[in-house]
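Notes for the one structure printed next.
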Amino acid sequence: MTQAIDQAGMSFAGKVSRVPAAAAARLPGIDRMRGLVIVLMALDHVRDFFNVDALHFDPTDLARTYPALFLTRFVTHYCAPTFVLLAGVSAFLHGTKRDDRWALARYLLTRGVWLILLDAIVVSPIWALGLGSIDLGTLWAIGFSMIVLAGLLWLQPRAVLLLGALILLGHNLLDNVHASEFGDWAPLWNILHEPGALPFGLRGGVAYPVFPWIGIMAMGYGLGHVFLEPATLRERHLKLLGLVSIALFLLLRGWNLYGDARPWSAQGDGVMTALSVLNVTKYPPSLLYALVTLGPAFLLLSAMERLGGFAGEALATFGRVPLFIYVLHLYAARAAAVALSLAEGFDFHQLRGFGIQAAPPEGLGLSLGGTYAAWILIMAALYPACRWFAGVKRRRRDWWLSYL
């Protein structure tokens with residue numbers, strides 16, 4: 001992987017120079033890829049809110065899951081690493097347009113703080129259906145990584161790329177270091193590398209320890225020059241990165257050599273054994289998790305610019321307003337799930353909590369087929385609002401729109 005990164009980065013070393021013609025407009029491939037990530041992310045959350053099985057057990061628990069449910073969860077693994085990588089790419093492209101490192105640093109710093117506040121204040125109540133608990137997830141990880149990236153801007157892009165690769169390749173060496181070893185400083189380790197409690201006795205928890213995500217965003221920034229290259233060369237580099245990532249995953253995972261705290265093992269049949277191979281660790285994202293998700297993402301990125309028709313336009317629309325649809329779909333999906341449950345006779349207090357509950361009410365939730373139907377209906381219902389807001393962002397240049 002490091003050789004592929006080095007080859008892809010050799011022609012990209014140097015300062016962030018004046019904006020090339022290729023950076024003057026949005027790249028539709030990035031918008032479409034970001035839109036696909038948003039659509040899959042919505043599936044993940046709708047499954048959490050609606051699916052009867054997901055309310056009772058972890059869909060990646062090989063002792064209880066079944067292939068359709070496992071793969072529904074697995075395909076959504078592509079969301080977070082792809083989104084964080086593209087956030088790094090977008091930061092680089094944003095910097096080429098400004099040609100001002102101080103301005104880019106201020107933007108990343110303020111946007112990072114904004115995303116963390118959104119996660120703590122606006123998004124956290126969705127998970128617990130109430131106030132007072134702070135659950136630091138996707139927006140927290142992106143925001144914190146942006147703040148760190150703001151301090152890395154004075155390095156050459158190739159150095160940022162190398163630093164990100166080293167973090168991603170090496171952070172699993174810390175898997176045997178646990179927060180309990182740090183006493184009063186344990187929450188600091190929860191923030192960096194192990195999910196767990198918040199500092200200062202705050203109620204809630206850290207779902208997304210930030211250290212590996214910083215590495216992924218730094219890699220995205222360091223690879224930003226790829227997206228300023230002619231389409232043919234860009235596609236060649238992305239395919240190379242994708243194929244090398246997948247090959248490295250197969251090598252490391254096949255022999256359980258390194259890169260994930262949870263080795264695969266033979267199961268009762270070939271299908272479940274294959275699922276065990278794919279059952280990589282997301283919290284925090286292991287090296288193998290990153291390889292098996294970013295590898296295909298690189299390959300898809302190389303093809304997204306050619307995606308046309310309604311599918312291409314719909315994905316691009318979602319991808320132009322990622323934060324807007326992220327918050328909107330969470331509230332819409334949660335509200336729809338609560339409304340359905342109340343209509344079926346459940347009390348509101350029975351619905352408190354998020355994800356796997358200790359004892360969910362009997363009969364709560366939909367089948368997997370019903371969950372997919374709810375996902376499609378919710379995203380279809382929200383599409384007009386996204387199209388409207390994408391039009392607003394296209395027509396207007398108000399500074400605050402860049403934060404939404």
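In the structure tokens, chains take the letters A, B, ... in the order shown, each chain's residues start at 1, and ligands count up from 1 in the order shown.
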Open item on the list: List as a ChimeraX atom specification the protein and nucleic acid residues near range 76-84 of chain A, meaning an atom at most 7 Å away when only C-alpha atoms are counted, but skip any in the same chain fewer than 6 places from it.
Closed with: /A:34,37,40-41,44,142,216-217,290,293-294,297
Please, could you write that set of residues out with N, CA, C and O atoms as a compact mmCIF listing (two decimals), in the first residue's frame?
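Contents of again-v2.txt, as written:
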# COMPACT_ATOMS: atom_id res chain seq x y z
N ARG A 34 -20.04 10.83 -2.71
CA ARG A 34 -20.52 11.29 -1.40
C ARG A 34 -22.02 11.02 -1.26
O ARG A 34 -22.50 10.64 -0.19
N VAL A 37 -22.57 7.41 -0.44
CA VAL A 37 -22.25 7.20 0.97
C VAL A 37 -23.43 7.62 1.85
O VAL A 37 -23.80 6.93 2.80
N LEU A 40 -26.26 5.03 1.65
CA LEU A 40 -25.95 3.84 2.43
C LEU A 40 -25.97 4.13 3.93
O LEU A 40 -26.39 3.29 4.73
N MET A 41 -25.51 5.31 4.30
CA MET A 41 -25.53 5.70 5.71
C MET A 41 -26.97 5.74 6.22
O MET A 41 -27.26 5.32 7.35
N ASP A 44 -28.11 2.33 7.07
CA ASP A 44 -27.57 1.91 8.36
C ASP A 44 -28.43 2.43 9.50
O ASP A 44 -28.78 1.68 10.43
N ILE A 142 -15.15 13.59 12.24
CA ILE A 142 -14.80 14.46 11.11
C ILE A 142 -14.33 15.82 11.62
O ILE A 142 -13.32 16.37 11.16
N ILE A 216 -7.00 8.77 8.22
CA ILE A 216 -7.75 8.66 6.96
C ILE A 216 -7.95 10.04 6.34
O ILE A 216 -7.80 10.21 5.12
N MET A 217 -8.29 11.05 7.15
CA MET A 217 -8.48 12.38 6.59
C MET A 217 -7.17 12.94 6.06
O MET A 217 -7.14 13.59 5.00
N ALA A 290 -10.27 -0.38 7.14
CA ALA A 290 -10.00 0.70 6.19
C ALA A 290 -9.66 0.14 4.81
O ALA A 290 -10.13 0.67 3.79
N THR A 293 -12.74 -1.29 2.92
CA THR A 293 -13.74 -0.28 2.55
C THR A 293 -13.17 0.75 1.57
O THR A 293 -13.79 1.05 0.55
N LEU A 294 -11.98 1.25 1.85
CA LEU A 294 -11.41 2.27 0.97
C LEU A 294 -10.95 1.69 -0.36
O LEU A 294 -10.97 2.39 -1.38
N ALA A 297 -13.86 1.70 -2.51
CA ALA A 297 -14.23 3.11 -2.69
C ALA A 297 -13.35 3.79 -3.73
O ALA A 297 -13.84 4.58 -4.55
Task: Close residues, Ala266 in chain A itself excluded, 12 Å, only C-alpha atoms, min 2 positions apart in chain, as a PyMOL selection string - done: chain A and resi 62+254+263-264+268-277
Open item on the list: What parts of range 258-287 of chain A does DSSP call alpha helix (DSSP H)? I'd like the answer as a PyMOL selection string.
Closed with: chain A and resi 270-278+287
Export of the given selection (all heavy atoms) as a PDB file, in the first residue's frame:
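Listed below is the output, selection.pdb:
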ATOM      1  N   GLY A 270     -19.407 -22.498   4.548  1.00  0.00           N
ATOM      2  CA  GLY A 270     -18.545 -21.590   3.797  1.00  0.00           C
ATOM      3  C   GLY A 270     -19.034 -20.159   3.803  1.00  0.00           C
ATOM      4  O   GLY A 270     -18.222 -19.222   3.841  1.00  0.00           O
ATOM      5  N   VAL A 271     -20.349 -19.975   3.753  1.00  0.00           N
ATOM      6  CA  VAL A 271     -20.896 -18.613   3.735  1.00  0.00           C
ATOM      7  C   VAL A 271     -20.575 -17.891   5.039  1.00  0.00           C
ATOM      8  O   VAL A 271     -20.106 -16.741   5.038  1.00  0.00           O
ATOM      9  CB  VAL A 271     -22.414 -18.648   3.487  1.00  0.00           C
ATOM     10  CG1 VAL A 271     -23.011 -17.248   3.660  1.00  0.00           C
ATOM     11  CG2 VAL A 271     -22.722 -19.177   2.095  1.00  0.00           C
ATOM     12  N   MET A 272     -20.808 -18.552   6.164  1.00  0.00           N
ATOM     13  CA  MET A 272     -20.545 -17.906   7.441  1.00  0.00           C
ATOM     14  C   MET A 272     -19.047 -17.705   7.661  1.00  0.00           C
ATOM     15  O   MET A 272     -18.636 -16.727   8.295  1.00  0.00           O
ATOM     16  CB  MET A 272     -21.140 -18.725   8.579  1.00  0.00           C
ATOM     17  CG  MET A 272     -22.661 -18.808   8.553  1.00  0.00           C
ATOM     18  SD  MET A 272     -23.491 -17.186   8.506  1.00  0.00           S
ATOM     19  CE  MET A 272     -23.050 -16.533  10.117  1.00  0.00           C
ATOM     20  N   THR A 273     -18.231 -18.596   7.118  1.00  0.00           N
ATOM     21  CA  THR A 273     -16.782 -18.391   7.208  1.00  0.00           C
ATOM     22  C   THR A 273     -16.369 -17.150   6.426  1.00  0.00           C
ATOM     23  O   THR A 273     -15.534 -16.353   6.880  1.00  0.00           O
ATOM     24  CB  THR A 273     -16.033 -19.624   6.673  1.00  0.00           C
ATOM     25  OG1 THR A 273     -16.346 -20.749   7.498  1.00  0.00           O
ATOM     26  CG2 THR A 273     -14.526 -19.400   6.693  1.00  0.00           C
ATOM     27  N   ALA A 274     -16.971 -16.956   5.241  1.00  0.00           N
ATOM     28  CA  ALA A 274     -16.684 -15.753   4.454  1.00  0.00           C
ATOM     29  C   ALA A 274     -17.113 -14.502   5.216  1.00  0.00           C
ATOM     30  O   ALA A 274     -16.414 -13.472   5.188  1.00  0.00           O
ATOM     31  CB  ALA A 274     -17.406 -15.818   3.110  1.00  0.00           C
ATOM     32  N   LEU A 275     -18.242 -14.585   5.918  1.00  0.00           N
ATOM     33  CA  LEU A 275     -18.676 -13.438   6.722  1.00  0.00           C
ATOM     34  C   LEU A 275     -17.707 -13.175   7.866  1.00  0.00           C
ATOM     35  O   LEU A 275     -17.477 -12.019   8.235  1.00  0.00           O
ATOM     36  CB  LEU A 275     -20.081 -13.676   7.268  1.00  0.00           C
ATOM     37  CG  LEU A 275     -21.203 -13.837   6.237  1.00  0.00           C
ATOM     38  CD1 LEU A 275     -22.557 -13.892   6.932  1.00  0.00           C
ATOM     39  CD2 LEU A 275     -21.183 -12.728   5.196  1.00  0.00           C
ATOM     40  N   SER A 276     -17.127 -14.242   8.413  1.00  0.00           N
ATOM     41  CA  SER A 276     -16.128 -14.061   9.473  1.00  0.00           C
ATOM     42  C   SER A 276     -14.913 -13.315   8.943  1.00  0.00           C
ATOM     43  O   SER A 276     -14.340 -12.470   9.643  1.00  0.00           O
ATOM     44  CB  SER A 276     -15.711 -15.423  10.036  1.00  0.00           C
ATOM     45  OG  SER A 276     -14.743 -15.277  11.051  1.00  0.00           O
ATOM     46  N   VAL A 277     -14.516 -13.609   7.698  1.00  0.00           N
ATOM     47  CA  VAL A 277     -13.392 -12.888   7.087  1.00  0.00           C
ATOM     48  C   VAL A 277     -13.717 -11.404   6.954  1.00  0.00           C
ATOM     49  O   VAL A 277     -12.867 -10.538   7.171  1.00  0.00           O
ATOM     50  CB  VAL A 277     -13.060 -13.505   5.710  1.00  0.00           C
ATOM     51  CG1 VAL A 277     -12.008 -12.662   4.981  1.00  0.00           C
ATOM     52  CG2 VAL A 277     -12.554 -14.938   5.870  1.00  0.00           C
ATOM     53  N   LEU A 278     -14.957 -11.104   6.618  1.00  0.00           N
ATOM     54  CA  LEU A 278     -15.368  -9.709   6.429  1.00  0.00           C
ATOM     55  C   LEU A 278     -15.698  -9.003   7.742  1.00  0.00           C
ATOM     56  O   LEU A 278     -15.904  -7.788   7.754  1.00  0.00           O
ATOM     57  CB  LEU A 278     -16.595  -9.649   5.520  1.00  0.00           C
ATOM     58  CG  LEU A 278     -16.406 -10.108   4.079  1.00  0.00           C
ATOM     59  CD1 LEU A 278     -17.740 -10.078   3.336  1.00  0.00           C
ATOM     60  CD2 LEU A 278     -15.379  -9.244   3.353  1.00  0.00           C
ATOM     61  N   LEU A 287      -6.986  -1.275  10.567  1.00  0.00           N
ATOM     62  CA  LEU A 287      -6.353  -1.187   9.255  1.00  0.00           C
ATOM     63  C   LEU A 287      -7.120  -2.019   8.236  1.00  0.00           C
ATOM     64  O   LEU A 287      -7.364  -1.567   7.106  1.00  0.00           O
ATOM     65  CB  LEU A 287      -4.900  -1.672   9.346  1.00  0.00           C
ATOM     66  CG  LEU A 287      -4.177  -1.897   8.004  1.00  0.00           C
ATOM     67  CD1 LEU A 287      -4.065  -0.597   7.220  1.00  0.00           C
ATOM     68  CD2 LEU A 287      -2.818  -2.529   8.238  1.00  0.00           C
TER      69      LEU A 287
END
Open item on the list: I'd like the interatomic distance between CA of Phe346 in chain A and CA of Gly132 in chain A, to a tenth of an Å.
Closed with: 23.4 Å
Task: CA of Phe200 in chain A to CA of Pro187 in chain A, distance in Å rounded to a single decimal - done: 8.4 Å
Open item on the list: At a cut-off of 10 Å, using only C-alpha atoms, what residues contact Ala311 in chain A? Leave out same-chain residues fewer than 6 positions from it and give the result as a list of chain:residue names.
Closed with: A:Arg32, A:Leu36, A:Thr317
Export N, CA, C and O atoms of the chosen residues as a PDB file, in the first residue's frame?
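Generated output (part24.pdb):
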ATOM      1  N   ARG A  32     -21.114  12.481  -6.498  1.00  0.00           N
ATOM      2  CA  ARG A  32     -21.877  11.236  -6.627  1.00  0.00           C
ATOM      3  C   ARG A  32     -21.435  10.203  -5.606  1.00  0.00           C
ATOM      4  O   ARG A  32     -22.254   9.486  -5.032  1.00  0.00           O
ATOM      5  N   LEU A  36     -23.695   8.550  -2.720  1.00  0.00           N
ATOM      6  CA  LEU A  36     -23.854   7.117  -2.482  1.00  0.00           C
ATOM      7  C   LEU A  36     -23.593   6.784  -1.018  1.00  0.00           C
ATOM      8  O   LEU A  36     -24.309   5.976  -0.408  1.00  0.00           O
ATOM      9  N   THR A 317     -27.047  15.115  -6.198  1.00  0.00           N
ATOM     10  CA  THR A 317     -27.859  16.026  -5.396  1.00  0.00           C
ATOM     11  C   THR A 317     -27.664  15.777  -3.915  1.00  0.00           C
ATOM     12  O   THR A 317     -27.438  16.705  -3.126  1.00  0.00           O
TER      13      THR A 317
END
Open item on the list: For the structure I just gave you, how does DSSP split range 188-257 of chain A - specifically, which residues are strand (DSSP E or B)? Reply as a list in words.
Closed with: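 Taking range 188-257 of chain A and keeping strand (DSSP E or B) only, one gets Gly196, Gly204, Gly205 and Val206 of chain A.
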Write the selection just made, keeping all heavy atoms, as a compact mmCIF listing (two decimals), in the first residue's frame?
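Result went into again-v2.txt, see below:
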# COMPACT_ATOMS: atom_id res chain seq x y z
N GLY A 196 -15.51 4.49 24.68
CA GLY A 196 -15.76 4.45 26.12
C GLY A 196 -16.32 5.74 26.64
O GLY A 196 -16.99 6.49 25.91
N GLY A 204 -22.93 9.88 28.54
CA GLY A 204 -22.82 9.52 27.13
C GLY A 204 -21.55 8.73 26.88
O GLY A 204 -21.07 8.00 27.77
N GLY A 205 -20.99 8.84 25.70
CA GLY A 205 -19.79 8.09 25.40
C GLY A 205 -19.17 8.48 24.07
O GLY A 205 -19.76 9.24 23.29
N VAL A 206 -17.98 7.96 23.83
CA VAL A 206 -17.26 8.18 22.58
C VAL A 206 -17.41 6.92 21.74
O VAL A 206 -16.88 5.86 22.10
CB VAL A 206 -15.77 8.47 22.83
CG1 VAL A 206 -15.05 8.70 21.50
CG2 VAL A 206 -15.60 9.66 23.75
Open item on the list: Which residues are close to Gly164 in chain A, i.e. within 6 Å by only C-alpha atoms, leaving aside same-chain residues fewer than 6 positions away? Reply as a ChimeraX atom specification.
Closed with: /A:215,218-219
Keeping only N, CA, C and O atoms, write the selected residues to a file as an mmCIF file, in the first residue's frame.
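Output contents, as saved in part-v7.cif:
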data_model
loop_
_atom_site.group_PDB
_atom_site.id
_atom_site.type_symbol
_atom_site.label_atom_id
_atom_site.label_comp_id
_atom_site.auth_asym_id
_atom_site.auth_seq_id
_atom_site.Cartn_x
_atom_site.Cartn_y
_atom_site.Cartn_z
ATOM 1 N N GLY A 215 -5.868 9.806 10.600
ATOM 2 C CA GLY A 215 -5.029 9.233 9.556
ATOM 3 C C GLY A 215 -5.731 9.165 8.218
ATOM 4 O O GLY A 215 -5.152 9.488 7.175
ATOM 5 N N ALA A 218 -6.078 12.702 6.779
ATOM 6 C CA ALA A 218 -4.768 13.181 6.301
ATOM 7 C C ALA A 218 -4.419 12.537 4.964
ATOM 8 O O ALA A 218 -3.877 13.195 4.070
ATOM 9 N N MET A 219 -4.738 11.255 4.805
ATOM 10 C CA MET A 219 -4.502 10.604 3.525
ATOM 11 C C MET A 219 -5.340 11.236 2.425
ATOM 12 O O MET A 219 -4.873 11.437 1.303
#
- [ ] Please identify all polymer residues within 10 Å of His178 in chain A, counting only C-alpha atoms, omitting same-chain residues fewer than 2 positions from it, and present them as a PyMOL selection string.
- [x] chain A and resi 174-176+180-182+186+189-190+193-195
